[in-house]
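**Q** My structure is in data-v8.txt, and what it holds is compact mmCIF, C-alpha atoms:
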# COMPACT_ATOMS: atom_id res chain seq x y z
CA MET A 1 -16.86 -7.63 14.92
CA LEU A 2 -14.97 -10.76 13.84
CA LEU A 3 -17.88 -12.22 11.82
CA PRO A 4 -18.48 -9.09 9.66
CA ARG A 5 -14.71 -8.83 9.17
CA LEU A 6 -14.51 -12.43 7.97
CA LEU A 7 -17.54 -12.11 5.70
CA THR A 8 -16.18 -8.94 4.11
CA ALA A 9 -12.82 -10.64 3.51
CA LEU A 10 -14.53 -13.69 2.00
CA VAL A 11 -16.26 -11.41 -0.51
CA LEU A 12 -13.35 -9.08 -1.33
CA LEU A 13 -10.54 -11.63 -1.64
CA PRO A 14 -12.12 -13.72 -4.45
CA LEU A 15 -13.03 -10.49 -6.27
CA LEU A 16 -9.42 -9.32 -6.04
CA LEU A 17 -8.02 -12.68 -7.15
CA GLY A 18 -10.46 -12.98 -10.05
CA LEU A 19 -9.86 -9.42 -11.23
CA VAL A 20 -6.06 -9.68 -11.16
CA TRP A 21 -5.94 -13.17 -12.69
CA PHE A 22 -8.53 -12.92 -15.45
CA ALA A 23 -9.01 -9.24 -16.36
CA PRO A 24 -6.83 -7.31 -18.82
CA THR A 25 -4.57 -4.63 -17.39
CA VAL A 26 -6.80 -1.74 -18.44
CA TRP A 27 -9.72 -3.21 -16.45
CA VAL A 28 -7.50 -3.85 -13.46
CA TYR A 29 -6.30 -0.25 -13.63
CA ALA A 30 -9.85 1.09 -13.95
CA ALA A 31 -11.01 -0.90 -10.92
CA PHE A 32 -8.02 0.18 -8.86
CA ALA A 33 -8.54 3.80 -9.95
CA ALA A 34 -12.09 3.59 -8.56
CA VAL A 35 -10.67 2.24 -5.30
CA GLY A 36 -8.19 5.11 -5.34
CA GLY A 37 -11.05 7.59 -5.66
CA LEU A 38 -12.84 6.08 -2.65
CA ALA A 39 -9.61 6.10 -0.63
CA ALA A 40 -9.03 9.73 -1.65
CA ARG A 41 -12.40 10.76 -0.21
CA GLU A 42 -11.42 9.18 3.09
CA TRP A 43 -7.95 10.75 2.96
CA ALA A 44 -9.59 14.17 2.57
CA ALA A 45 -11.91 13.45 5.52
CA LEU A 46 -8.85 12.86 7.72
CA CYS A 47 -7.27 16.17 6.72
CA GLY A 48 -8.28 19.58 7.97
CA TRP A 49 -8.82 21.02 4.48
CA GLY A 50 -11.15 18.25 3.27
CA ARG A 51 -13.61 17.36 6.02
CA ARG A 52 -16.63 18.82 4.22
CA PRO A 53 -18.41 16.17 2.07
CA ALA A 54 -18.13 18.32 -1.06
CA ALA A 55 -14.37 18.63 -0.61
CA GLY A 56 -14.02 14.87 -0.25
CA LEU A 57 -16.03 14.24 -3.41
CA ALA A 58 -14.01 16.80 -5.35
CA TYR A 59 -10.72 15.33 -4.16
CA GLY A 60 -11.81 11.79 -5.03
CA ALA A 61 -12.80 12.97 -8.50
CA LEU A 62 -9.45 14.74 -8.86
CA VAL A 63 -7.51 11.57 -8.05
CA VAL A 64 -9.56 9.49 -10.49
CA GLY A 65 -9.13 12.18 -13.15
CA VAL A 66 -5.36 12.29 -12.67
CA LEU A 67 -5.18 8.51 -12.94
CA ALA A 68 -7.24 8.58 -16.15
CA VAL A 69 -4.96 11.20 -17.69
CA ALA A 70 -1.82 9.34 -16.56
CA TRP A 71 -2.98 6.19 -18.36
CA TYR A 72 -3.02 7.98 -21.71
CA LEU A 73 0.17 9.99 -21.32
CA PRO A 74 2.88 8.93 -23.78
CA ALA A 75 6.12 7.24 -22.74
CA ARG A 76 4.68 6.13 -19.40
CA ASP A 77 7.39 3.51 -18.96
CA ARG A 78 10.05 6.25 -19.14
CA TRP A 79 8.64 8.67 -16.54
CA LEU A 80 7.06 6.14 -14.20
CA PRO A 81 10.39 5.09 -12.55
CA TRP A 82 11.04 8.73 -11.64
CA LEU A 83 7.58 9.05 -10.12
CA LEU A 84 8.02 5.83 -8.13
CA GLY A 85 11.43 7.09 -7.01
CA LEU A 86 9.73 10.23 -5.71
CA ALA A 87 7.22 8.06 -3.85
CA THR A 88 10.12 6.10 -2.34
CA LEU A 89 11.68 9.33 -1.06
CA HIS A 90 8.29 10.29 0.37
CA TRP A 91 8.07 7.07 2.38
CA LEU A 92 11.60 7.53 3.68
CA ALA A 93 10.58 11.02 4.82
CA ALA A 94 7.38 9.61 6.34
CA ALA A 95 9.45 7.32 8.56
CA VAL A 96 11.17 10.44 9.91
CA TRP A 97 7.85 12.26 10.41
CA LEU A 98 6.57 9.33 12.44
CA ARG A 99 9.49 9.67 14.84
CA ALA A 100 8.42 13.27 15.45
CA GLY A 101 5.14 12.02 16.91
CA PRO A 102 1.45 12.78 16.46
CA THR A 103 1.81 16.56 16.84
CA ARG A 104 3.94 16.77 13.71
CA LEU A 105 1.55 14.49 11.84
CA ALA A 106 -1.45 16.58 12.92
CA ALA A 107 0.23 19.70 11.54
CA LEU A 108 0.94 17.92 8.26
CA ALA A 109 -2.64 16.61 8.03
CA ASP A 110 -3.99 20.13 8.41
CA SER A 111 -1.59 21.50 5.80
CA PRO A 112 -2.52 21.77 2.11
CA LEU A 113 0.62 19.71 1.47
CA SER A 114 -1.33 16.64 2.59
CA ALA A 115 -3.49 17.02 -0.54
CA LEU A 116 -0.38 16.62 -2.72
CA GLN A 117 0.80 13.82 -0.47
CA GLY A 118 -2.44 11.88 -0.91
CA LEU A 119 -2.36 12.37 -4.67
CA LEU A 120 1.23 11.11 -4.82
CA VAL A 121 0.74 7.99 -2.70
CA LEU A 122 -2.57 6.94 -4.27
CA ALA A 123 -1.62 7.65 -7.89
CA THR A 124 1.76 5.88 -7.65
CA THR A 125 0.10 2.85 -6.07
CA MET A 126 -2.41 2.39 -8.89
CA LEU A 127 0.20 3.07 -11.58
CA ALA A 128 2.61 0.61 -9.94
CA CYS A 129 -0.10 -2.07 -9.84
CA ALA A 130 -0.90 -1.56 -13.53
CA HIS A 131 2.78 -1.60 -14.54
CA LEU A 132 3.40 -4.82 -12.65
CA HIS A 133 0.26 -6.44 -14.04
CA ALA A 134 1.29 -5.58 -17.61
CA GLN A 135 4.59 -7.49 -17.30
CA PRO A 136 5.02 -11.07 -18.55
CA ASP A 137 3.32 -13.27 -15.96
CA GLY A 138 2.18 -9.97 -14.45
CA ALA A 139 -0.93 -11.33 -12.74
CA ILE A 140 1.00 -13.71 -10.52
CA LYS A 141 3.68 -11.07 -9.85
CA LEU A 142 1.05 -8.58 -8.71
CA LEU A 143 -0.59 -11.22 -6.52
CA PHE A 144 2.83 -11.98 -5.04
CA ALA A 145 3.10 -8.30 -4.08
CA PHE A 146 -0.33 -8.27 -2.48
CA PHE A 147 0.37 -11.44 -0.55
CA LEU A 148 3.68 -9.95 0.56
CA VAL A 149 1.65 -7.24 2.32
CA PHE A 150 -0.71 -9.89 3.70
CA ALA A 151 2.32 -11.82 5.02
CA ALA A 152 3.59 -8.70 6.79
CA ASP A 153 0.18 -8.22 8.42
CA VAL A 154 -0.26 -11.87 9.41
CA GLY A 155 3.29 -12.22 10.72
CA ALA A 156 2.93 -9.02 12.73
CA TYR A 157 -0.42 -10.16 14.17
CA LEU A 158 0.80 -13.61 15.20
CA ALA A 159 4.13 -12.46 16.63
CA GLY A 160 2.64 -9.41 18.29
CA ARG A 161 -0.19 -11.38 19.88
CA ASN A 162 2.08 -14.10 21.25
CA LEU A 163 5.40 -12.36 21.83
CA GLY A 164 4.68 -8.63 21.81
CA ARG A 165 6.24 -6.79 24.74
CA HIS A 166 7.79 -3.60 23.36
CA LYS A 167 5.61 -0.92 21.76
CA LEU A 168 6.66 0.16 18.28
CA ALA A 169 4.98 3.58 18.15
CA PRO A 170 2.81 3.93 21.28
CA ALA A 171 1.89 7.58 20.67
CA ILE A 172 0.51 6.75 17.21
CA SER A 173 -0.65 3.13 17.29
CA PRO A 174 -0.51 1.57 20.78
CA GLY A 175 -1.36 -1.91 19.53
CA LYS A 176 1.73 -2.36 17.36
CA THR A 177 4.83 -3.95 18.85
CA LEU A 178 8.46 -4.32 17.84
CA GLU A 179 8.12 -8.10 18.07
CA GLY A 180 5.13 -7.95 15.72
CA ALA A 181 7.08 -5.94 13.17
CA ILE A 182 9.93 -8.46 13.32
CA GLY A 183 7.44 -11.31 12.87
CA GLY A 184 6.11 -9.61 9.76
CA LEU A 185 9.63 -9.24 8.37
CA VAL A 186 10.40 -12.92 9.01
CA LEU A 187 7.27 -14.13 7.24
CA CYS A 188 7.92 -11.80 4.29
CA GLY A 189 11.49 -13.09 4.03
CA LEU A 190 10.19 -16.66 3.90
CA TRP A 191 7.60 -15.69 1.29
CA ALA A 192 10.34 -14.13 -0.84
CA LEU A 193 12.65 -17.15 -0.47
CA THR A 194 9.94 -19.59 -1.54
CA ALA A 195 7.29 -18.08 -3.80
CA GLY A 196 9.35 -15.07 -4.88
CA VAL A 197 12.35 -17.02 -6.14
CA TRP A 198 10.04 -19.31 -8.11
CA ILE A 199 7.75 -16.62 -9.53
CA PHE A 200 10.59 -14.37 -10.69
CA ALA A 201 12.73 -17.34 -11.77
CA ILE A 202 15.92 -16.04 -10.17
CA GLN A 203 18.80 -17.44 -8.19
CA GLY A 204 22.10 -16.40 -6.63
CA TRP A 205 22.55 -12.71 -5.86
CA ASN A 206 19.31 -11.84 -7.62
CA ALA A 207 17.48 -14.03 -5.12
CA VAL A 208 19.31 -12.32 -2.26
CA GLY A 209 18.36 -8.94 -3.74
CA LEU A 210 14.71 -9.95 -3.95
CA VAL A 211 14.68 -11.03 -0.30
CA VAL A 212 16.25 -7.72 0.76
CA LEU A 213 13.73 -5.82 -1.36
CA CYS A 214 10.83 -7.72 0.22
CA LEU A 215 12.14 -6.92 3.70
CA VAL A 216 12.34 -3.23 2.79
CA VAL A 217 8.81 -3.38 1.37
CA ALA A 218 7.54 -5.07 4.53
CA ALA A 219 9.07 -2.28 6.63
CA GLY A 220 7.52 0.27 4.27
CA SER A 221 4.09 -1.30 4.70
CA VAL A 222 4.39 -0.68 8.45
CA VAL A 223 5.22 2.98 7.75
CA GLY A 224 2.13 3.25 5.54
CA ASP A 225 -0.05 1.74 8.26
CA LEU A 226 1.40 4.04 10.92
CA LEU A 227 1.03 7.15 8.76
CA GLU A 228 -2.68 6.52 8.33
CA SER A 229 -3.00 5.75 12.05
CA GLY A 230 -1.36 9.09 12.81
CA TYR A 231 -3.78 10.92 10.52
CA LYS A 232 -6.75 9.13 12.12
CA ARG A 233 -5.48 10.08 15.56
CA ALA A 234 -5.14 13.69 14.42
CA ALA A 235 -8.73 13.62 13.11
CA GLY A 236 -10.00 11.93 16.28
CA VAL A 237 -11.52 8.92 14.52
CA LYS A 238 -11.05 5.16 14.86
CA ASP A 239 -11.58 4.26 11.19
CA SER A 240 -11.16 6.17 7.95
CA GLY A 241 -14.72 5.24 6.94
CA GLN A 242 -17.53 2.72 7.31
CA LEU A 243 -17.76 1.29 3.81
CA LEU A 244 -16.34 -2.16 4.65
CA PRO A 245 -18.13 -3.91 7.54
CA GLY A 246 -15.68 -5.06 10.18
CA HIS A 247 -12.76 -3.35 8.45
CA GLY A 248 -13.67 0.34 8.48
CA GLY A 249 -12.95 2.33 5.36
CA VAL A 250 -11.17 1.63 2.09
CA LEU A 251 -8.11 3.51 3.30
CA ASP A 252 -7.95 1.25 6.34
CA ARG A 253 -7.50 -1.70 3.97
CA VAL A 254 -4.99 -0.14 1.59
CA ASP A 255 -2.83 1.89 4.00
CA SER A 256 -0.06 -0.72 3.88
CA VAL A 257 -0.47 -1.32 0.14
CA VAL A 258 -0.01 2.35 -0.81
CA ALA A 259 3.49 2.22 0.64
CA ALA A 260 4.38 -1.33 -0.39
CA LEU A 261 3.42 -1.43 -4.08
CA PRO A 262 5.37 1.65 -5.26
CA LEU A 263 8.42 0.53 -3.26
CA PHE A 264 8.21 -3.02 -4.59
CA THR A 265 7.73 -2.01 -8.22
CA PHE A 266 10.52 0.58 -8.05
CA GLY A 267 12.85 -2.00 -6.53
CA LEU A 268 12.02 -4.50 -9.27
CA MET A 269 12.76 -1.83 -11.87
CA LEU A 270 16.18 -1.19 -10.31
CA MET A 271 16.86 -4.94 -10.38
CA GLY A 272 15.76 -5.23 -14.01
CA LEU A 273 12.85 -7.48 -13.11
CA ALA A 274 10.01 -5.13 -14.13
As a first step, turn the structure in this file into structure tokens.

**A**
Amino acid sequence: MLLPRLLTALVLLPLLLGLVWFAPTVWVYAAFAAVGGLAAREWAALCGWGRRPAAGLAYGALVVGVLAVAWYLPARDRWLPWLLGLATLHWLAAAVWLRAGPTRLAALADSPLSALQGLLVLATTMLACAHLHAQPDGAIKLLFAFFLVFAADVGAYLAGRNLGRHKLAPAISPGKTLEGAIGGLVLCGLWALTAGVWIFAIQGWNAVGLVVLCLVVAAGSVVGDLLESGYKRAAGVKDSGQLLPGHGGVLDRVDSVVAALPLFTFGLMLMGLA
């Protein structure tokens, strides 16, 4: 399992870096919209209303269509903060749903509301990525956001493997520990203090604000991961799909990102940095 996982990562990471660094924003958005469509198919497969293949295809097409329309809507920079604010409220609510346990999540997954939920989280992620990429020095800012999520994952893995004693959400994801979550927060704080302060060229209270924002985003990425884990548990599956050898499905790879990127971009907007 480790070798296919490594090989898949060695293929996907250079593609991501090259796309973000060299491609214009419209190409980045188009590529991410395609990823959103694939993730939407898997989201539908985890929900009671979308487990037929035709339903998954239709839902994936719907998400891609909404993203295409959103790109051409006028005054996007004026309504996008409100949409990202709505996504932020959603992730705060999701943290509460997780405390209610897998039964509550199973009921939500089987509800038609989960179709709107998936549309909200996937669309805001792709729009947030495009908005960040379009900023001055946007490529490196977007990569900073992605590596912030990677830092949360790596810190959680290392701390959880070596220090993990207390389960974070045993009914939803038995492998996650409180110590792992803290390790992810610590590594994200260090990433913000070093690369973040340099990339965003800030100091003083703005630097403090960026560190706090990155800690909030790291916590949000855990909520995104746990929400997908809860939906997979409700559907009785280990992975959201089989498209990525060693990793599972597309949604398995972006579950943390769909929470982190809208939160991060919205926070930067509030700070006047995006």

**Q** Choose the residue, out of A:Ala260, A:Cys188, A:Leu270, A:Arg104, that has the smallest atom-to-atom separation from Cys129 of chain A; count all atoms listed in the file.

**A**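 Under the stated criterion, the closest residue is A:Ala260.
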
**Q** Neighbouring residues of Arg233 of chain A were defined as those with any atom within 9 Å, considering all atoms listed in the file; residues of the same chain fewer than 4 positions away were excluded. Please report them as a list of chain:residue names.

**A**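 Once the adjacent positions are removed, what remains is A:Leu46, A:Pro102, A:Ala106, A:Ile172, A:Ser173, A:Glu228, A:Ser229, A:Val237, A:Lys238.
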
**Q** Could you tell me, as a PyMOL selection string, which residues have any atom at most 12 Å from (-13.3, 15.5, -0.5), counting only C-alpha atoms?

**A** chain A and resi 37-63+115+118

**Q** Of the candidates A:Leu190, A:Leu143, A:Ala128, A:Ala235, which one gets nearest to Ala274 of chain A if we count all atoms listed in the file?

**A**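 Between A:Leu190, A:Leu143, A:Ala128, A:Ala235, the residue approaching Ala274 of chain A most closely is A:Ala128.
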
**Q** Tell me which of A:Pro245, A:Gly65, A:Gly236, A:Gly184 sits closest to Leu215 of chain A, counting all atoms listed in the file.

**A**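 Smallest distance to Leu215 of chain A is found for A:Gly184.
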
**Q** Considering all atoms listed in the file, state which residue in the set A:Met269, A:Leu116, A:Leu7, A:Leu16 is at the smallest distance from Val28 of chain A.

**A**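 Between A:Met269, A:Leu116, A:Leu7, A:Leu16, the residue approaching Val28 of chain A most closely is A:Leu16.
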